[in-house]
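The file query_3.cif comes next; it holds mmCIF, C-alpha atoms (C1' of nucleotides).
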```cif
data_protein
loop_
_atom_site.label_atom_id
_atom_site.label_comp_id
_atom_site.auth_asym_id
_atom_site.auth_seq_id
_atom_site.Cartn_x
_atom_site.Cartn_y
_atom_site.Cartn_z
CA MET A 254 95.96 129.49 108.40
CA SER A 255 95.11 127.69 111.59
CA LEU A 256 94.15 130.24 114.23
CA SER A 257 91.51 131.65 111.92
CA HIS A 258 90.07 128.19 111.35
CA GLY A 259 90.19 127.42 115.04
CA ILE A 260 88.16 130.55 115.65
CA LEU A 261 85.64 129.50 113.02
CA GLY A 262 85.51 126.11 114.71
CA PHE A 263 84.60 127.52 118.09
CA LEU A 264 82.13 129.97 116.57
CA SER A 265 80.40 127.01 114.94
CA TYR A 266 79.57 125.82 118.49
CA GLY A 267 78.03 129.21 119.35
CA ASN A 268 78.49 132.98 119.28
CA MET A 269 81.42 134.40 121.19
CA THR A 270 83.42 137.55 121.85
CA GLY A 271 87.17 137.81 121.36
CA TYR A 272 87.50 137.57 125.11
CA ASP A 273 85.48 134.36 125.23
CA LEU A 274 87.57 132.89 122.44
CA ALA A 275 90.80 133.67 124.26
CA LYS A 276 89.48 131.85 127.33
CA VAL A 277 88.16 128.85 125.47
CA PHE A 278 91.41 128.52 123.52
CA ASN A 279 93.36 128.40 126.75
CA SER A 280 91.08 125.89 128.43
CA SER A 281 90.80 123.39 125.60
CA VAL A 282 93.19 123.33 122.66
CA ASN A 283 95.95 125.17 124.50
CA PHE A 284 98.13 122.07 124.72
CA PHE A 285 98.45 121.84 120.95
CA TRP A 286 97.52 125.37 119.94
CA CYS A 287 98.18 128.49 121.94
CA ALA A 288 96.74 131.88 121.05
CA GLN A 289 97.48 135.42 122.21
CA ASN A 290 94.41 137.55 122.71
CA SER A 291 95.91 140.28 120.52
CA HIS A 292 96.18 137.77 117.72
CA ILE A 293 92.60 136.65 118.17
CA TYR A 294 91.27 140.20 117.85
CA LEU A 295 93.41 140.74 114.77
CA GLU A 296 92.13 137.55 113.21
CA LEU A 297 88.50 138.38 114.01
CA ASN A 298 88.85 141.62 112.04
CA LYS A 299 90.31 139.75 109.10
CA LEU A 300 87.56 137.14 109.22
CA GLU A 301 84.95 139.89 109.27
CA LYS A 302 86.49 141.54 106.20
CA GLN A 303 86.46 138.17 104.46
CA GLY A 304 82.79 137.78 105.34
CA TYR A 305 83.35 134.60 107.35
CA VAL A 306 82.03 136.12 110.57
CA SER A 307 79.71 139.00 111.41
CA CYS A 308 79.61 140.96 114.62
CA GLU A 309 76.98 142.43 116.86
CA HIS A 310 77.66 145.23 119.37
CA ILE A 311 76.24 144.39 122.75
CA ILE A 312 75.70 147.29 125.15
CA GLN A 313 76.07 146.21 128.76
CA SER A 314 75.44 148.22 131.89
CA ASP A 315 77.07 145.94 134.44
CA LYS A 316 80.18 145.20 132.36
CA PRO A 317 82.07 146.90 129.51
CA ASN A 318 80.38 146.69 126.13
CA LYS A 319 81.40 143.87 123.87
CA LYS A 320 81.35 142.55 120.31
CA LEU A 321 79.64 139.23 119.84
CA TYR A 322 80.76 137.30 116.78
CA HIS A 323 78.65 134.93 114.68
CA ILE A 324 79.84 132.57 111.98
CA THR A 325 78.28 133.26 108.57
CA GLU A 326 77.19 130.74 105.95
CA SER A 327 80.32 131.35 103.90
CA GLY A 328 82.32 131.03 107.13
CA LYS A 329 80.82 127.60 107.77
CA GLU A 330 81.64 126.60 104.23
CA GLU A 331 85.24 127.75 104.61
CA PHE A 332 85.50 125.90 107.92
CA LEU A 333 84.14 122.61 106.55
CA ASN A 334 86.43 123.01 103.59
CA TRP A 335 89.43 123.33 105.89
CA LEU A 336 88.28 120.30 107.91
CA SER A 337 88.22 117.98 104.94
CA LYS A 338 91.36 119.37 103.32
CA ASP A 339 94.59 117.40 103.32
CA SER A 340 96.96 118.21 106.16
CA SER A 341 100.00 116.10 105.43
CA GLU A 342 102.25 119.10 106.06
CA THR A 343 101.72 118.47 109.78
CA VAL A 344 103.68 115.25 109.44
CA GLU A 345 106.12 116.40 106.78
CA LYS A 346 106.94 119.84 108.08
CA ASN A 347 107.16 118.95 111.70
CA LYS A 348 109.48 121.32 113.59
CA ASN A 349 111.08 120.70 116.93
CA ALA A 350 113.60 123.23 118.20
CA PHE A 351 114.52 121.05 121.17
CA LEU A 352 115.64 118.20 118.91
CA LEU A 353 117.61 120.62 116.75
CA LYS A 354 119.44 121.77 119.85
CA LEU A 355 120.04 118.22 121.05
CA PHE A 356 121.39 117.26 117.65
CA PHE A 357 124.27 119.67 118.21
CA SER A 358 124.72 119.00 121.90
CA GLY A 359 127.90 117.00 121.34
CA GLU A 360 129.54 120.42 121.50
CA MET A 361 128.65 120.60 125.19
CA LYS A 362 129.77 118.53 128.16
CA PRO A 363 127.52 115.48 128.78
CA GLU A 364 126.75 116.90 132.24
CA GLU A 365 125.30 119.98 130.59
CA SER A 366 123.05 117.99 128.27
CA ILE A 367 121.91 115.79 131.13
CA LYS A 368 120.87 118.95 132.94
CA ILE A 369 118.98 120.12 129.87
CA LEU A 370 117.25 116.77 129.48
CA LYS A 371 116.25 116.77 133.14
CA LYS A 372 114.80 120.23 132.67
CA PHE A 373 112.94 118.87 129.66
CA ILE A 374 111.45 116.09 131.78
CA ASP A 375 110.48 118.70 134.33
CA ASP A 376 108.76 120.81 131.68
CA CYS A 377 106.92 117.74 130.42
CA GLN A 378 105.71 116.95 133.92
CA LYS A 379 104.37 120.47 134.32
CA TYR A 380 102.69 120.27 130.96
CA SER A 381 101.20 116.94 131.99
CA ASP A 382 99.86 118.49 135.19
CA ARG A 383 98.24 121.31 133.24
CA MET A 384 96.71 118.69 130.95
CA SER A 385 95.06 116.95 133.88
CA SER A 386 92.41 119.69 133.93
CA ILE A 387 91.25 118.70 130.47
CA PRO A 388 88.72 115.97 131.41
CA GLU A 389 87.16 118.52 133.78
CA ASN A 390 87.00 121.15 131.05
CA ILE A 391 85.46 118.65 128.68
CA SER A 392 82.65 117.71 131.05
CA LYS A 393 82.13 121.40 131.84
CA ASN A 394 81.52 122.30 128.20
CA ARG A 395 79.78 119.19 126.99
CA ASP A 396 76.18 120.32 127.46
CA GLY A 397 74.39 120.45 124.15
CA ILE A 398 77.31 118.72 122.41
CA GLU A 399 76.62 115.23 121.13
CA ASP A 400 78.58 112.28 122.51
CA TYR A 401 80.33 111.43 119.29
CA LYS A 402 81.65 114.98 119.12
CA ILE A 403 83.12 114.69 122.61
CA LEU A 404 84.94 111.65 121.28
CA TYR A 405 87.13 113.90 119.15
CA TRP A 406 88.06 116.03 122.14
CA GLU A 407 89.05 112.85 123.95
CA MET A 408 91.15 111.68 121.01
CA THR A 409 93.22 114.85 121.09
CA ALA A 410 93.66 114.45 124.84
CA ASP A 411 94.71 110.83 124.28
CA PHE A 412 97.38 112.08 121.88
CA GLY A 413 98.54 114.62 124.43
CA TYR A 414 98.97 112.02 127.17
CA SER A 415 100.74 109.53 124.92
CA TYR A 416 103.02 112.20 123.55
CA ILE A 417 104.07 113.56 126.89
CA ASN A 418 104.75 110.04 128.17
CA LEU A 419 106.85 109.33 125.11
CA CYS A 420 108.85 112.49 125.73
CA ILE A 421 109.53 111.60 129.34
CA GLU A 422 110.48 107.97 128.58
CA TRP A 423 112.69 109.04 125.70
CA ALA A 424 114.47 111.69 127.76
CA LYS A 425 115.14 109.09 130.47
CA ARG A 426 116.69 106.77 127.88
CA CYS A 427 118.89 109.64 126.65
CA ILE A 428 120.10 110.45 130.14
CA GLN A 429 120.97 106.78 130.72
CA LYS A 430 123.06 106.70 127.55
CA LEU A 431 124.84 109.91 128.53
CA GLU A 432 125.64 108.76 132.07
CA VAL A 433 128.26 106.44 130.53
CA TYR A 434 130.23 109.38 129.13
CA LYS A 435 129.98 111.49 132.26
CA MET B 144 115.86 131.94 115.88
CA SER B 145 116.46 128.31 115.03
CA LEU B 146 117.53 128.09 111.42
CA SER B 147 120.34 130.56 112.08
CA HIS B 148 121.53 128.48 115.03
CA GLY B 149 121.25 125.30 113.03
CA ILE B 150 123.49 126.87 110.42
CA LEU B 151 126.01 127.88 113.08
CA GLY B 152 125.86 124.32 114.37
CA PHE B 153 126.75 122.79 111.03
CA LEU B 154 129.44 125.39 110.40
CA SER B 155 130.99 124.42 113.73
CA TYR B 156 131.64 120.98 112.15
CA GLY B 157 133.39 122.58 109.17
CA ASN B 158 133.22 125.26 106.47
CA MET B 159 130.34 125.06 104.02
CA THR B 160 128.54 126.88 101.23
CA GLY B 161 124.83 127.67 101.26
CA TYR B 162 124.39 124.82 98.84
CA ASP B 163 126.19 122.37 101.14
CA LEU B 164 124.07 123.54 104.06
CA ALA B 165 120.85 122.97 102.15
CA LYS B 166 121.98 119.42 101.38
CA VAL B 167 123.11 118.61 104.89
CA PHE B 168 119.90 120.01 106.36
CA ASN B 169 117.87 117.73 104.16
CA SER B 170 119.90 114.63 104.88
CA SER B 171 120.07 114.93 108.66
CA VAL B 172 117.77 117.20 110.64
CA ASN B 173 115.08 117.30 107.96
CA PHE B 174 112.68 115.18 109.97
CA PHE B 175 112.45 117.77 112.72
CA TRP B 176 113.68 120.85 110.91
CA CYS B 177 113.19 121.58 107.23
CA ALA B 178 114.88 124.46 105.44
CA GLN B 179 114.36 126.09 102.05
CA ASN B 180 117.55 126.98 100.26
CA SER B 181 116.31 130.54 99.74
CA HIS B 182 115.95 130.89 103.48
CA ILE B 183 119.42 129.54 104.10
CA TYR B 184 121.00 132.12 101.79
CA LEU B 185 118.99 134.87 103.47
CA GLU B 186 120.08 133.72 106.88
CA LEU B 187 123.74 133.47 105.85
CA ASN B 188 123.69 137.13 104.85
CA LYS B 189 122.18 138.08 108.20
CA LEU B 190 124.72 136.01 110.09
CA GLU B 191 127.53 137.67 108.16
CA LYS B 192 126.22 141.14 109.03
CA GLN B 193 126.04 140.09 112.67
CA GLY B 194 129.65 138.92 112.48
CA TYR B 195 128.80 135.32 113.37
CA VAL B 196 130.13 133.95 110.08
CA SER B 197 132.64 135.17 107.51
CA CYS B 198 132.78 134.19 103.88
CA GLU B 199 135.44 133.40 101.35
CA HIS B 200 134.90 133.56 97.59
CA ILE B 201 136.16 130.43 95.90
CA ILE B 202 136.86 130.65 92.17
CA GLN B 203 136.30 127.33 90.45
CA SER B 204 137.00 126.40 86.85
CA ASP B 205 135.13 123.12 86.63
CA LYS B 206 132.02 124.32 88.52
CA PRO B 207 130.33 127.67 89.22
CA ASN B 208 132.11 129.87 91.77
CA LYS B 209 130.95 129.63 95.35
CA LYS B 210 131.00 131.30 98.74
CA LEU B 211 132.51 129.23 101.53
CA TYR B 212 131.31 130.21 105.00
CA HIS B 213 133.31 129.93 108.23
CA ILE B 214 132.04 130.36 111.76
CA THR B 215 133.75 133.19 113.67
CA GLU B 216 134.73 133.26 117.35
CA SER B 217 131.68 135.37 118.20
CA GLY B 218 129.57 132.97 116.15
CA LYS B 219 130.83 130.03 118.22
CA GLU B 220 130.04 131.97 121.36
CA GLU B 221 126.51 132.72 120.16
CA PHE B 222 126.03 129.07 119.19
CA LEU B 223 127.18 127.72 122.56
CA ASN B 224 125.03 130.28 124.25
CA TRP B 225 121.99 129.04 122.34
CA LEU B 226 122.87 125.41 123.16
CA SER B 227 122.86 125.96 126.90
CA LYS B 228 119.87 128.30 126.92
CA ASP B 229 116.52 127.16 128.25
CA SER B 230 114.11 125.84 125.63
CA SER B 231 110.96 125.11 127.57
CA GLU B 232 108.92 126.87 124.88
CA THR B 233 109.30 123.72 122.79
CA VAL B 234 107.11 121.88 125.29
CA GLU B 235 104.83 124.77 126.24
CA LYS B 236 104.23 126.25 122.82
CA ASN B 237 103.85 123.04 120.94
CA LYS B 238 101.65 123.46 117.85
CA ASN B 239 99.88 120.73 115.96
CA ALA B 240 97.50 121.74 113.18
CA PHE B 241 96.34 118.16 112.67
CA LEU B 242 95.10 117.90 116.26
CA LEU B 243 93.37 121.27 115.95
CA LYS B 244 91.53 119.95 112.95
CA LEU B 245 90.64 116.68 114.64
CA PHE B 246 89.35 118.58 117.65
CA PHE B 247 86.63 120.03 115.45
CA SER B 248 86.00 116.95 113.35
CA GLY B 249 82.71 116.20 115.07
CA GLU B 250 81.31 118.55 112.45
CA MET B 251 82.10 115.95 109.80
CA LYS B 252 80.77 112.46 109.21
CA PRO B 253 82.76 109.75 111.04
CA GLU B 254 83.51 108.16 107.66
CA GLU B 255 85.21 111.38 106.61
CA SER B 256 87.40 111.54 109.72
CA ILE B 257 88.31 107.87 109.36
CA LYS B 258 89.51 108.68 105.87
CA ILE B 259 91.58 111.57 107.20
CA LEU B 260 93.07 109.42 109.93
CA LYS B 261 93.96 106.70 107.42
CA LYS B 262 95.65 109.34 105.29
CA PHE B 263 97.50 110.44 108.41
CA ILE B 264 98.75 106.89 109.00
CA ASP B 265 99.82 106.78 105.38
CA ASP B 266 101.76 110.03 105.74
CA CYS B 267 103.41 108.70 108.88
CA GLN B 268 104.45 105.54 107.07
CA LYS B 269 106.02 107.57 104.28
CA TYR B 270 107.78 109.76 106.81
CA SER B 271 109.01 106.62 108.53
CA ASP B 272 110.37 105.28 105.25
CA ARG B 273 112.24 108.51 104.62
CA MET B 274 113.65 108.27 108.13
CA SER B 275 115.09 104.84 107.44
CA SER B 276 117.91 106.50 105.49
CA ILE B 277 119.11 108.26 108.62
CA PRO B 278 121.41 105.53 110.03
CA GLU B 279 123.07 105.43 106.61
CA ASN B 280 123.51 109.20 106.60
CA ILE B 281 124.95 109.09 110.07
CA SER B 282 127.60 106.53 109.22
CA LYS B 283 128.37 108.47 106.03
CA ASN B 284 129.15 111.67 107.90
CA ARG B 285 130.72 110.28 111.04
CA ASP B 286 134.39 110.46 110.03
CA GLY B 287 136.26 112.83 112.29
CA ILE B 288 133.27 113.10 114.64
CA GLU B 289 133.75 111.58 118.07
CA ASP B 290 131.56 108.67 119.18
CA TYR B 291 129.80 110.55 121.95
CA LYS B 292 128.75 113.22 119.47
CA ILE B 293 127.17 110.60 117.21
CA LEU B 294 125.18 109.58 120.28
CA TYR B 295 123.20 112.81 120.05
CA TRP B 296 122.34 112.17 116.43
CA GLU B 297 121.08 108.75 117.45
CA MET B 298 119.00 110.21 120.25
CA THR B 299 117.15 112.49 117.84
CA ALA B 300 116.58 109.53 115.51
CA ASP B 301 115.28 107.51 118.48
CA PHE B 302 112.79 110.29 119.16
CA GLY B 303 111.73 110.29 115.54
CA TYR B 304 111.04 106.54 115.49
CA SER B 305 109.18 106.58 118.79
CA TYR B 306 107.13 109.57 117.74
CA ILE B 307 106.07 108.16 114.43
CA ASN B 308 105.10 104.86 116.06
CA LEU B 309 103.04 106.73 118.62
CA CYS B 310 101.26 108.59 115.84
CA ILE B 311 100.41 105.41 113.98
CA GLU B 312 99.24 103.53 117.08
CA TRP B 313 97.18 106.50 118.25
CA ALA B 314 95.53 106.97 114.87
CA LYS B 315 94.60 103.27 114.83
CA ARG B 316 92.96 103.65 118.25
CA CYS B 317 91.02 106.66 116.97
CA ILE B 318 89.77 104.77 113.95
CA GLN B 319 88.62 101.90 116.16
CA LYS B 320 86.62 104.28 118.34
CA LEU B 321 85.05 105.91 115.31
CA GLU B 322 84.05 102.62 113.67
CA VAL B 323 81.32 102.31 116.34
CA TYR B 324 79.62 105.49 115.11
CA LYS B 325 79.94 104.66 111.43
"C1'" DA C 8 120.01 119.73 72.25
"C1'" DG C 9 118.49 118.38 76.85
"C1'" DG C 10 118.85 117.22 81.43
"C1'" DC C 11 121.56 117.03 85.69
"C1'" DT C 12 124.27 118.93 89.37
"C1'" DC C 13 126.20 122.94 91.18
"C1'" DA C 14 125.35 127.50 92.79
"C1'" DT C 15 123.05 131.93 94.48
"C1'" DG C 16 119.80 134.77 95.09
"C1'" DT C 17 115.19 138.53 95.21
"C1'" DA C 18 110.44 140.02 96.41
"C1'" DA C 19 106.06 139.55 98.15
"C1'" DC C 20 103.66 137.63 101.53
"C1'" DC C 21 101.95 135.48 105.81
"C1'" DG C 22 101.10 133.65 110.33
"C1'" DG C 23 102.37 134.65 114.65
"C1'" DT C 24 104.77 137.08 118.77
"C1'" DT C 25 105.94 140.90 121.82
"C1'" DA C 26 105.24 144.89 123.80
"C1'" DC C 27 102.45 148.40 124.58
"C1'" DA C 28 98.00 150.80 125.54
"C1'" DT C 29 93.40 151.73 127.37
"C1'" DG C 30 89.42 151.64 130.08
"C1'" DA C 31 84.89 150.10 132.31
"C1'" DT C 32 82.83 147.68 136.29
"C1'" DT C 33 82.74 144.95 140.51
"C1'" DA C 34 84.27 143.20 144.77
"C1'" DT C 35 87.16 143.73 148.86
"C1'" DA D 3 92.13 152.75 147.32
"C1'" DT D 4 93.13 148.73 144.69
"C1'" DA D 5 93.00 144.42 142.71
"C1'" DA D 6 90.39 141.35 139.72
"C1'" DT D 7 87.63 140.49 135.92
"C1'" DC D 8 85.81 141.98 131.69
"C1'" DA D 9 86.86 143.86 127.30
"C1'" DT D 10 89.41 145.50 122.97
"C1'" DG D 11 92.82 146.79 120.54
"C1'" DT D 12 97.63 148.94 117.80
"C1'" DA D 13 102.40 148.77 116.00
"C1'" DA D 14 106.69 146.90 115.30
"C1'" DC D 15 108.87 142.98 114.45
"C1'" DC D 16 110.32 138.28 113.11
"C1'" DG D 17 110.91 133.70 111.36
"C1'" DG D 18 109.60 131.34 107.65
"C1'" DT D 19 107.25 130.18 102.98
"C1'" DT D 20 106.28 130.65 98.08
"C1'" DA D 21 107.17 131.92 93.82
"C1'" DC D 22 110.18 133.54 90.81
"C1'" DA D 23 114.77 134.20 88.52
"C1'" DT D 24 119.40 133.20 86.79
"C1'" DG D 25 123.30 130.91 85.14
"C1'" DA D 26 127.68 128.06 84.81
"C1'" DG D 27 129.56 123.61 83.59
"C1'" DC D 28 129.13 118.49 82.87
"C1'" DC D 29 127.47 114.37 80.69
"C1'" DT D 30 124.90 111.87 77.20
#
```
Output the file's structure in the form of structure tokens.
Amino acid sequence: MSLSHGILGFLSYGNMTGYDLAKVFNSSVNFFWCAQNSHIYLELNKLEKQGYVSCEHIIQSDKPNKKLYHITESGKEEFLNWLSKDSSETVEKNKNAFLLKLFFSGEMKPEESIKILKKFIDDCQKYSDRMSSIPENISKNRDGIEDYKILYWEMTADFGYSYINLCIEWAKRCIQKLEVYK
Amino acid sequence: MSLSHGILGFLSYGNMTGYDLAKVFNSSVNFFWCAQNSHIYLELNKLEKQGYVSCEHIIQSDKPNKKLYHITESGKEEFLNWLSKDSSETVEKNKNAFLLKLFFSGEMKPEESIKILKKFIDDCQKYSDRMSSIPENISKNRDGIEDYKILYWEMTADFGYSYINLCIEWAKRCIQKLEVYK
DNA sequence: AGGCTCATGTAACCGGTTACATGATTAT
DNA sequence: ATAATCATGTAACCGGTTACATGAGCCT
């Protein structure tokens, strides 16, 4: 449900190929939505069959030929529909495999879980480092995009920073509690 | 990958039926892992074929008959293996459909997005209310479980509270920023 | 009779991942 | 030569959801 709408979202900014979409996914929404290129191509075909996008074959001499996708009127409608639709499932059907694992970690030695939590902190730090390129990516792609639209990009980044800080602080608290039982 | 291991985790606490598992899933890990009963029954069959659980038919006169599942030695091994295995994908491949939607919300009127964010806060509040039954559930199921194991349950609950507060605070910030453009 | 709890499933579908596969063009 | 970038896919699989389906026994 979501990759297809993400694609429609980006195509509403301008025409793109599957290759472009894969790149833009990885340089913008990657920290809360990752996409394989194979999946993107699959989804583009589906969207074309549904009439939400149309495609134009571009013959190139300096580079391999490509397929440039446009969003159609019915695609825009579908996209706006999705935007305004309720999305409470995100809160209700939240899944976190790491927490599930931690829930059962009483079956391991505290030392083991401390190691896992330290690795978690490490992963968060790396994620945070990758996120630091976001402001740069935003300013790189902002031409032609109105200020109040950029605001939304910044709000998602704000969430990302707050979330990753929460994770790190929480994991530190956990380690502290576990040190007692070591 | 995760429901099956969650099932093994609960079975390592004691023998259960599919029905018991559905109940215990919904009263404990529900806020970071939800499970349909149909899925649980499906997964139990798979686990039995893999030799990770075995089942015992219990004939009852006062209630319908049932199938009581036990974890096997190889099931315990698989479970412990999963526990100590790396889970960095949780951080790296984090998905959040709400953020994806918000990312594109510049295509809507600010009033519309404010409404969506207020709904989000509302959903968070409801989620928070449901979470308040967790301490109760923990104390209800703690008999026979060592103190340091309960600690892990509390750590996941701690995450849940912190996360939901973050969501609410963040959404309030977003609304404030959007009020300017209203 | 009607509703609740207990109890177990099947079938179709769907979004997404993994692995594999190909090939043109450009720069070094 | 060969690596990098550009460019597009297929096929098998998998974890999970949705909808549907059934039925025993208890309590009121």
field: Selection: 7 Å around Met298 (chain B), all atoms listed in the file, excl. self and same-chain fewer than 4 positions, as a ChimeraX atom specification
entry: /A:427 /B:294,302
- request: Name the residues that the PyMOL selection byres ((chain D) within 8 of (chain A)) pulls out of this structure, and write them as a PyMOL selection string.
  value: chain D and resi 8-11
task: For DC22 (chain D), list every protein, DNA or RNA residue within 12 Å, evaluated using only C-alpha atoms (C1' of nucleotides), and leave out those in the same chain fewer than 4 positions away; present the list as a list in words.
output: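 Selected residues are Ser181 of chain B; DG16, DT17, DA18 and DA19 of chain C.
Against this structure, the PyMOL selection byres ((chain C and resi 22-25) around 12) ends up with Met254, Ser255, Leu256, Ser257, Trp286, Cys287, Ala288, Gln289, Asn290, Ser291, His292, Ile293, Leu295 and Glu296 of chain A; Lys236 and Lys238 of chain B; DC20, DC21, DA26 and DC27 of chain C; DA13, DA14, DC15, DC16, DG17, DG18 and DT19 of chain D.
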- line: Counting all atoms listed in the file, closest pick from C:DA28, C:DT33, C:DG9, C:DT15 relative to chain A is C:DT33
- request: Show which residues sit within 7 Å of Gly152 (chain B), as a PyMOL selection string. Count only C-alpha atoms (C1' of nucleotides), and ignore same-chain residues fewer than 4 positions away.
  value: (chain A and resi 357) or (chain B and resi 148+222)
query: Closest to DC11 (chain C) among D:DT12, D:DT7, D:DT20, D:DT30, using all atoms listed in the file?
result: D:DT30
message: I'd like to see the residues matched by the PyMOL selection byres ((chain B and resi 274) around 12) on this file, and ideally I'd get them as a ChimeraX atom specification.
response: /A:345 /B:169-175,267-273,275-281,297,299-307
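CA of Asp400 (chain A) is found 19.9 Å from CA of Lys315 (chain B).
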- request: Work out how far apart CA of Leu321 (chain A) and C1' of DA31 (chain C) are and give it in Å to one decimal.
  value: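 Spanning CA of Leu321 (chain A) to C1' of DA31 (chain C) is a straight-line distance of 17.4 Å.
For the atom pair formed by CA of Tyr266 (chain A) and CA of Trp335 (chain A), the distance is 16.2 Å, given to one decimal.
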- prompt: Can you list, as an MDAnalysis selection string, every protein, DNA or RNA residue that comes within 12 Å of Asn334 (chain A) when you count all atoms listed in the file, leaving out same-chain residues fewer than 4 positions away?
  reply: (chainID A and resid 258 261:262 327:330 338:340) or (chainID B and resid 244 248 250:251)
Long-range neighbours of Lys262 (chain B) as a PyMOL selection string, 12 Å cut-off, all atoms listed in the file, 3 positions minimum in chain: (chain A and resi 337-344) or (chain B and resi 241+255-259+265-269+310-311+314-315+318)
Can I get region 165-171 of chain B with all heavy atoms filled in, as a PDB file, in the frame of the given file?
```
ATOM      1  N   ALA B 165     122.178 123.429 102.555  1.00  0.00           N
ATOM      2  CA  ALA B 165     120.850 122.970 102.150  1.00  0.00           C
ATOM      3  C   ALA B 165     120.828 121.452 102.062  1.00  0.00           C
ATOM      4  O   ALA B 165     119.869 120.805 102.493  1.00  0.00           O
ATOM      5  CB  ALA B 165     120.462 123.590 100.812  1.00  0.00           C
ATOM      6  N   LYS B 166     121.920 120.884 101.523  1.00  0.00           N
ATOM      7  CA  LYS B 166     121.980 119.420 101.380  1.00  0.00           C
ATOM      8  C   LYS B 166     122.039 118.734 102.730  1.00  0.00           C
ATOM      9  O   LYS B 166     121.338 117.761 102.979  1.00  0.00           O
ATOM     10  CB  LYS B 166     123.177 119.013 100.517  1.00  0.00           C
ATOM     11  CG  LYS B 166     122.843 118.884  99.050  1.00  0.00           C
ATOM     12  CD  LYS B 166     123.841 117.996  98.319  1.00  0.00           C
ATOM     13  CE  LYS B 166     125.267 118.530  98.457  1.00  0.00           C
ATOM     14  NZ  LYS B 166     126.239 117.739  97.700  1.00  0.00           N
ATOM     15  N   VAL B 167     122.905 119.249 103.602  1.00  0.00           N
ATOM     16  CA  VAL B 167     123.110 118.610 104.890  1.00  0.00           C
ATOM     17  C   VAL B 167     121.865 118.747 105.773  1.00  0.00           C
ATOM     18  O   VAL B 167     121.514 117.837 106.532  1.00  0.00           O
ATOM     19  CB  VAL B 167     124.397 119.145 105.575  1.00  0.00           C
ATOM     20  CG1 VAL B 167     124.140 120.412 106.358  1.00  0.00           C
ATOM     21  CG2 VAL B 167     125.018 118.088 106.449  1.00  0.00           C
ATOM     22  N   PHE B 168     121.159 119.853 105.627  1.00  0.00           N
ATOM     23  CA  PHE B 168     119.900 120.010 106.360  1.00  0.00           C
ATOM     24  C   PHE B 168     118.904 118.935 105.947  1.00  0.00           C
ATOM     25  O   PHE B 168     118.218 118.351 106.780  1.00  0.00           O
ATOM     26  CB  PHE B 168     119.289 121.398 106.115  1.00  0.00           C
ATOM     27  CG  PHE B 168     119.529 122.365 107.238  1.00  0.00           C
ATOM     28  CD1 PHE B 168     120.607 123.227 107.198  1.00  0.00           C
ATOM     29  CD2 PHE B 168     118.698 122.393 108.338  1.00  0.00           C
ATOM     30  CE1 PHE B 168     120.847 124.110 108.243  1.00  0.00           C
ATOM     31  CE2 PHE B 168     118.920 123.275 109.384  1.00  0.00           C
ATOM     32  CZ  PHE B 168     119.999 124.135 109.336  1.00  0.00           C
ATOM     33  N   ASN B 169     118.850 118.684 104.653  1.00  0.00           N
ATOM     34  CA  ASN B 169     117.870 117.730 104.160  1.00  0.00           C
ATOM     35  C   ASN B 169     118.242 116.273 104.384  1.00  0.00           C
ATOM     36  O   ASN B 169     117.392 115.407 104.279  1.00  0.00           O
ATOM     37  CB  ASN B 169     117.588 117.984 102.681  1.00  0.00           C
ATOM     38  CG  ASN B 169     116.772 119.246 102.507  1.00  0.00           C
ATOM     39  OD1 ASN B 169     115.934 119.562 103.347  1.00  0.00           O
ATOM     40  ND2 ASN B 169     117.030 119.984 101.431  1.00  0.00           N
ATOM     41  N   SER B 170     119.510 116.025 104.679  1.00  0.00           N
ATOM     42  CA  SER B 170     119.900 114.630 104.880  1.00  0.00           C
ATOM     43  C   SER B 170     120.098 114.287 106.353  1.00  0.00           C
ATOM     44  O   SER B 170     120.471 113.174 106.678  1.00  0.00           O
ATOM     45  CB  SER B 170     121.174 114.322 104.099  1.00  0.00           C
ATOM     46  OG  SER B 170     122.262 115.012 104.674  1.00  0.00           O
ATOM     47  N   SER B 171     119.835 115.240 107.239  1.00  0.00           N
ATOM     48  CA  SER B 171     120.070 114.930 108.660  1.00  0.00           C
ATOM     49  C   SER B 171     118.922 115.404 109.544  1.00  0.00           C
ATOM     50  O   SER B 171     118.171 114.581 110.052  1.00  0.00           O
ATOM     51  CB  SER B 171     121.379 115.548 109.116  1.00  0.00           C
ATOM     52  OG  SER B 171     121.367 116.954 108.902  1.00  0.00           O
TER      53      SER B 171
END
```
